[in-house]
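Scroll down for the structure; my scribbles are underneath it.
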Amino acid sequence: MPEQVNSISLNAEVPPEAFNTRLDQCIAQLFPEYSRSKLKEWILAGNVCVDKKVIDTPRQKLKGGEHIAIFAEQKVQVHDKAEPIALDIVFEDDDILVINKPAGLVVHPGAGNQSGTLLNALLAHVPDIDNVPRAGIVHRLDKDTTGLMVVAKTMSAQTHLVDQLQSREMGREYEAIVLGNLIAGGSVDASIDRHPTKRTLMAVKESGKNAVTHYRIKKKFRAHTYLRLKLESGRTHQIRVHMTHIRHPLVGDIQYGGRTRLPKRADDAFIQVLRNFNRQALHAIQLTLIHPRSNEKMTWQAPLPEDFCQLLHALDEDGQLNGFDS
């Protein structure tokens with residue numbers, strides 16, 4: 001497949017908290033969709049301007065409030081194959097595609113998942129989406145997390161959507177079932193970074209990136225709590241890490257919560273439901289964004305998947321059998 005060249009035009013304002021931060025570190029935070037090595041390459045090539053002045057020194061310190069502009073070209077070559085995988089499409093026009101992702105669908109090809117991914121499906125559904133970096137995927141859901149995702153079908157749409165993610169204009173709300181009894185809603189404000197020993201996992205670390213998750217209680221069960229959550233940031237595994245951090249891991253989350261915990265006096269049917277729920281109980285239920293062309297505020301909702309509904313029903317029945325009044 002021949003290489004294609006895309007023109008890149010990026011703009012952002014340096015936040016006040018970036019005072020005394022190096023240019024390469026700052027733009028890595030501002031434009032996380034591009035690799036640090038690519039951004040450094042653009043600085044050295046003179047493609048980065050700070051307040052309309054070309055800066056070709058990665059270590060240049062910033063004061064906060066400057067305007068960053070990047071004008072560059074990027075070679076794009078998609079090696080992944082288009083595959084006719086069915087998509088649950090919630091909305092589609094010339095600019096964006098909103099899907100309801102099922103459990104088990106990997107977003108990007110990687111080790112052990114070279115095919116059968118959302119990216120492979122997108123290449124088949126929108127053949128020229130290979131002109132957009134990462135085939136238009138601007139945010140991810142974990143393999144076993146269900147719910148809404150937006151995909152950019154053009155470079156312009158991708159730029160707009162990434163800007164909304166960074167400015168927190170894009171609203172993403174989730175529903176989850178966690179272990180234990182939460183008394184009231186609240187927020188978790190705890191930075192997240194790579195786990196110190198398990199490199200595929202994340203962990204709360206002071207040296208990590210800022211992450212904030214808000215949650216409120218939808219329903220209390222005998223030994224579980226049904227939550228509605230909203231993200232202020234979008235770190236890898238954020239909800240899973242944060243809920244584990246406050247000692248209320250998600251049901252079915254073996255990686256962060258460990259083996260299935262069975263409440264006392266659970267009957268055989270309820271035990272079977274819990275043991276058979278072999279993914280994290282997490283669903284991206286609502287997505288709100290500003291349309292990149294029309295500037296219209298748009299909101300979509302995705303119904304809870306069947307296994308999630310069955311789990312809620314089983315939790316209700318367990319409460320009734322044990323005289324629990326929610």
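Following the order of the structure tokens, first chain is A, next is B, and so on, with residues numbered from 1 inside each chain and ligands from 1 in the order they appear.
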Kindly assemble as a Markdown table a list of the region 129-176 of chain A residues that lie within 12 Å of region 206-216 of chain A, each paired with its nearest atom pair and their distance in Å to one decimal, using only C-alpha atoms, sorted first by chain and then by ascending residue number.
```
| residue | atom | partner | partner_atom | distance |
| --- | --- | --- | --- | --- |
| A:Arg168 | CA | A:Val212 | CA | 11.4 |
| A:Arg172 | CA | A:Thr213 | CA | 10.7 |
| A:Glu173 | CA | A:Tyr215 | CA | 9.5 |
| A:Tyr174 | CA | A:Tyr215 | CA | 9.2 |
| A:Glu175 | CA | A:Tyr215 | CA | 9.2 |
| A:Ala176 | CA | A:Tyr215 | CA | 9.7 |
```
Please produce an output containing N, CA and C atoms for each residue in the selection, written as a short mmCIF file (atom, residue, chain, number, x, y, z; two decimals), in the first residue's frame.
```
data_model
loop_
_atom_site.label_atom_id
_atom_site.label_comp_id
_atom_site.auth_asym_id
_atom_site.auth_seq_id
_atom_site.Cartn_x
_atom_site.Cartn_y
_atom_site.Cartn_z
N ARG A 168 -12.64 19.08 27.72
CA ARG A 168 -13.68 18.47 28.54
C ARG A 168 -15.09 18.89 28.13
N ARG A 172 -19.07 12.23 28.74
CA ARG A 172 -19.18 10.76 28.70
C ARG A 172 -19.66 10.26 30.04
N GLU A 173 -20.78 9.58 30.03
CA GLU A 173 -21.34 9.06 31.26
C GLU A 173 -21.46 7.54 31.18
N TYR A 174 -21.25 6.91 32.31
CA TYR A 174 -21.20 5.45 32.38
C TYR A 174 -22.14 4.95 33.48
N GLU A 175 -22.50 3.68 33.39
CA GLU A 175 -23.17 3.02 34.50
C GLU A 175 -22.36 1.79 34.86
N ALA A 176 -22.31 1.50 36.16
CA ALA A 176 -21.47 0.41 36.64
C ALA A 176 -22.09 -0.21 37.88
#
```
**Asked** Using only C-alpha atoms, which residues sit within 8 Å of Asp142 (chain A) once same-chain residues fewer than 2 positions away are excluded, as a count of residues only?
**Response** 6
**Item:** Spatial neighbours of region 318-322 of chain A, max dist 7 Å, only C-alpha atoms, sep filter under 2 positions, as JSON, numbers by chain
**Value:** {"A": [221, 222, 266, 270, 314, 315, 316, 324]}
Okay, now the selection with C-alpha atoms, as a PDB file, in the first residue's frame?
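Just written: selection_2.pdb:
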```
ATOM      1  CA  PHE A 221     -28.325  -3.645  46.820  1.00  0.00           C
ATOM      2  CA  ARG A 222     -27.524  -5.972  49.694  1.00  0.00           C
ATOM      3  CA  ALA A 266     -26.395 -16.041  48.449  1.00  0.00           C
ATOM      4  CA  PHE A 270     -27.344 -15.843  42.374  1.00  0.00           C
ATOM      5  CA  ALA A 314     -30.388 -11.074  40.006  1.00  0.00           C
ATOM      6  CA  LEU A 315     -29.264  -8.443  42.518  1.00  0.00           C
ATOM      7  CA  ASP A 316     -32.894  -7.426  43.034  1.00  0.00           C
ATOM      8  CA  PHE A 324     -33.091  -6.218  51.974  1.00  0.00           C
TER       9      PHE A 324
END
```
Identify, on the basis of only C-alpha atoms, every residue whose closest approach to Ala72 (chain A) does not exceed 9 Å; exclude the query and any residue fewer than 5 positions from it along the same chain; express the result as a short mmCIF file (atom, residue, chain, number, x, y, z; two decimals) with N, CA and C atoms, in the first residue's frame.
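selection.cif written:
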```cif
data_model
loop_
_atom_site.label_atom_id
_atom_site.label_comp_id
_atom_site.auth_asym_id
_atom_site.auth_seq_id
_atom_site.Cartn_x
_atom_site.Cartn_y
_atom_site.Cartn_z
N ASN A 6 -0.86 13.42 4.91
CA ASN A 6 -1.93 14.27 5.43
C ASN A 6 -1.33 15.55 5.99
N SER A 7 -1.99 16.67 5.72
CA SER A 7 -1.58 17.95 6.31
C SER A 7 -2.14 18.03 7.72
N ILE A 8 -1.29 18.42 8.65
CA ILE A 8 -1.67 18.53 10.05
C ILE A 8 -1.69 20.00 10.46
N SER A 9 -2.79 20.44 11.03
CA SER A 9 -2.89 21.80 11.56
C SER A 9 -3.51 21.72 12.96
N LEU A 10 -2.71 22.03 13.98
CA LEU A 10 -3.15 21.92 15.37
C LEU A 10 -2.95 23.24 16.09
N TRP A 42 8.60 17.11 14.96
CA TRP A 42 8.03 18.34 14.39
C TRP A 42 8.68 19.58 14.99
N ASN A 47 8.33 22.93 12.76
CA ASN A 47 6.89 22.91 12.46
C ASN A 47 6.02 23.42 13.61
N VAL A 48 6.67 23.83 14.71
CA VAL A 48 5.91 24.25 15.90
C VAL A 48 6.17 25.73 16.17
#
```
**Asked** Neighbours of Ala157 (chain A) within 6 Å (only C-alpha atoms; same-chain residues fewer than 3 positions away dropped), as number ranges by chain?
**Response** A: 95, 152, 154, 160, 292
**Message:** Need the shell around region 29-41 of chain A: protein/DNA/RNA residues with any atom at most 10 Å away, counting only C-alpha atoms. Skip same-chain ones fewer than 4 positions apart. Format as a PyMOL selection string?
**Reply:** chain A and resi 10-15+18+23-25+45-48+56-59+68+70+72+74+133-134+137-139+158-159+162-163+166-167+209
**Request:** May I ask for the distance between CA of Lys143 (chain A) and CA of His108 (chain A), given in Å to one decimal place?
**Result:**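 Separation of CA of Lys143 (chain A) and CA of His108 (chain A): 9.5 Å.
Nearest residue to Ile192 (chain A), choosing from A:Ser115, A:Gln164, A:Gln301, A:Gln238 and counting only C-alpha atoms: A:Gln238.
What separates CA of Ile246 (chain A) from CA of Ala203 (chain A) is a distance of 12.1 Å.
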**Asked** So which one's closest to Leu122 (chain A), A:Pro102, A:Val151, A:Pro196, A:Ala184? Using only C-alpha atoms, please.
**Response**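 Of A:Pro102, A:Val151, A:Pro196, A:Ala184, the one nearest Leu122 (chain A), counting only C-alpha atoms, is A:Val151.
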**Request:** Run DSSP on the backbone and give me the residues of region 17-265 of chain A it puts in strand (DSSP E), as a VMD selection string.
**Result:** chain A and resid 48 to 50 53 to 54 67 to 76 89 to 92 96 to 101 146 to 152 171 to 179 186 to 189 192 to 194 202 to 204 212 to 220 224 to 231
Using C-alpha atoms, can you export the residues from the last selection as a PDB file, in the first residue's frame?
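Result saved to again.pdb:
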```
ATOM      1  CA  VAL A  48       5.914  24.252  15.898  1.00  0.00           C
ATOM      2  CA  CYS A  49       5.173  27.917  16.618  1.00  0.00           C
ATOM      3  CA  VAL A  50       4.782  29.549  20.020  1.00  0.00           C
ATOM      4  CA  LYS A  53       7.436  32.320  16.518  1.00  0.00           C
ATOM      5  CA  VAL A  54       9.055  29.095  15.336  1.00  0.00           C
ATOM      6  CA  HIS A  67      -0.654  29.998  21.733  1.00  0.00           C
ATOM      7  CA  ILE A  68       0.766  26.813  20.212  1.00  0.00           C
ATOM      8  CA  ALA A  69       0.379  26.163  16.481  1.00  0.00           C
ATOM      9  CA  ILE A  70       1.674  23.111  14.654  1.00  0.00           C
ATOM     10  CA  PHE A  71       1.767  22.911  10.851  1.00  0.00           C
ATOM     11  CA  ALA A  72       3.168  19.649   9.578  1.00  0.00           C
ATOM     12  CA  GLU A  73       2.668  16.670   7.318  1.00  0.00           C
ATOM     13  CA  GLN A  74       2.162  13.083   8.374  1.00  0.00           C
ATOM     14  CA  LYS A  75       2.636   9.983   6.287  1.00  0.00           C
ATOM     15  CA  VAL A  76      -0.210   7.549   6.758  1.00  0.00           C
ATOM     16  CA  ILE A  89     -24.514   2.193  14.444  1.00  0.00           C
ATOM     17  CA  VAL A  90     -26.372   4.747  16.563  1.00  0.00           C
ATOM     18  CA  PHE A  91     -25.677   7.761  14.324  1.00  0.00           C
ATOM     19  CA  GLU A  92     -23.767   8.452  11.125  1.00  0.00           C
ATOM     20  CA  ILE A  96     -18.810  11.277  12.454  1.00  0.00           C
ATOM     21  CA  LEU A  97     -19.913   7.780  13.324  1.00  0.00           C
ATOM     22  CA  VAL A  98     -21.349   6.868  16.730  1.00  0.00           C
ATOM     23  CA  ILE A  99     -21.462   3.188  17.613  1.00  0.00           C
ATOM     24  CA  ASN A 100     -22.687   1.067  20.495  1.00  0.00           C
ATOM     25  CA  LYS A 101     -19.719  -1.227  21.131  1.00  0.00           C
ATOM     26  CA  THR A 146     -19.839  -1.804  26.325  1.00  0.00           C
ATOM     27  CA  GLY A 147     -21.444   1.365  25.041  1.00  0.00           C
ATOM     28  CA  LEU A 148     -21.020   4.522  23.036  1.00  0.00           C
ATOM     29  CA  MET A 149     -17.971   5.597  21.050  1.00  0.00           C
ATOM     30  CA  VAL A 150     -17.578   8.338  18.479  1.00  0.00           C
ATOM     31  CA  VAL A 151     -15.315   7.984  15.424  1.00  0.00           C
ATOM     32  CA  ALA A 152     -14.137  10.832  13.165  1.00  0.00           C
ATOM     33  CA  GLY A 171     -19.509  14.497  27.986  1.00  0.00           C
ATOM     34  CA  ARG A 172     -19.177  10.764  28.697  1.00  0.00           C
ATOM     35  CA  GLU A 173     -21.343   9.055  31.263  1.00  0.00           C
ATOM     36  CA  TYR A 174     -21.203   5.447  32.379  1.00  0.00           C
ATOM     37  CA  GLU A 175     -23.171   3.023  34.503  1.00  0.00           C
ATOM     38  CA  ALA A 176     -21.468   0.406  36.638  1.00  0.00           C
ATOM     39  CA  ILE A 177     -22.121  -2.127  39.373  1.00  0.00           C
ATOM     40  CA  VAL A 178     -19.529  -2.203  42.118  1.00  0.00           C
ATOM     41  CA  LEU A 179     -18.820  -4.391  45.108  1.00  0.00           C
ATOM     42  CA  GLY A 186     -18.895  11.565  45.479  1.00  0.00           C
ATOM     43  CA  SER A 187     -15.767  12.116  43.405  1.00  0.00           C
ATOM     44  CA  VAL A 188     -12.400  10.446  43.077  1.00  0.00           C
ATOM     45  CA  ASP A 189      -9.565  12.869  42.321  1.00  0.00           C
ATOM     46  CA  ILE A 192      -3.215   7.660  37.233  1.00  0.00           C
ATOM     47  CA  ASP A 193      -0.066   6.171  35.725  1.00  0.00           C
ATOM     48  CA  ARG A 194       1.256   2.779  34.639  1.00  0.00           C
ATOM     49  CA  MET A 202      -2.781   1.243  35.508  1.00  0.00           C
ATOM     50  CA  ALA A 203      -2.625   2.445  39.102  1.00  0.00           C
ATOM     51  CA  VAL A 204      -3.172   5.533  41.242  1.00  0.00           C
ATOM     52  CA  VAL A 212     -11.247  12.895  38.155  1.00  0.00           C
ATOM     53  CA  THR A 213     -14.314  10.639  38.269  1.00  0.00           C
ATOM     54  CA  HIS A 214     -17.690  11.719  39.659  1.00  0.00           C
ATOM     55  CA  TYR A 215     -20.268   9.147  40.729  1.00  0.00           C
ATOM     56  CA  ARG A 216     -23.778   9.044  42.142  1.00  0.00           C
ATOM     57  CA  ILE A 217     -25.822   6.168  43.454  1.00  0.00           C
ATOM     58  CA  LYS A 218     -28.629   4.839  41.274  1.00  0.00           C
ATOM     59  CA  LYS A 219     -29.588   1.943  43.514  1.00  0.00           C
ATOM     60  CA  LYS A 220     -28.294   0.137  46.572  1.00  0.00           C
ATOM     61  CA  HIS A 224     -23.433  -4.141  45.761  1.00  0.00           C
ATOM     62  CA  THR A 225     -24.111  -0.608  44.494  1.00  0.00           C
ATOM     63  CA  TYR A 226     -25.392   0.512  41.086  1.00  0.00           C
ATOM     64  CA  LEU A 227     -23.679   3.763  39.995  1.00  0.00           C
ATOM     65  CA  ARG A 228     -23.874   6.493  37.373  1.00  0.00           C
ATOM     66  CA  LEU A 229     -20.428   7.957  36.666  1.00  0.00           C
ATOM     67  CA  LYS A 230     -19.088  10.944  34.751  1.00  0.00           C
ATOM     68  CA  LEU A 231     -15.526  11.525  33.633  1.00  0.00           C
TER      69      LEU A 231
END
```
**Asked** Restricting the calculation to only C-alpha atoms, which member of A:Ala103, A:Leu304, A:Ile85, A:Gly65 is positioned closest to Ala124 (chain A)?
**Response**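 So, comparing all the options, the nearest one is A:Ile85.
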**Request:** Write down as a ChimeraX atom specification the residues belonging to region 72-292 of chain A that are assigned alpha helix (DSSP H) by DSSP computed on the backbone.
**Result:** /A:118-125,155-167,238-245,254-257,268-276
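CA of Arg265 (chain A) to CA of Asn181 (chain A) spans 16.4 Å [interatomic distance, one decimal].
Taking only C-alpha atoms into account, Val126 (chain A) lies nearest to A:Pro84 out of the set A:Gly110, A:Pro84, A:Gly104, A:Gly180.
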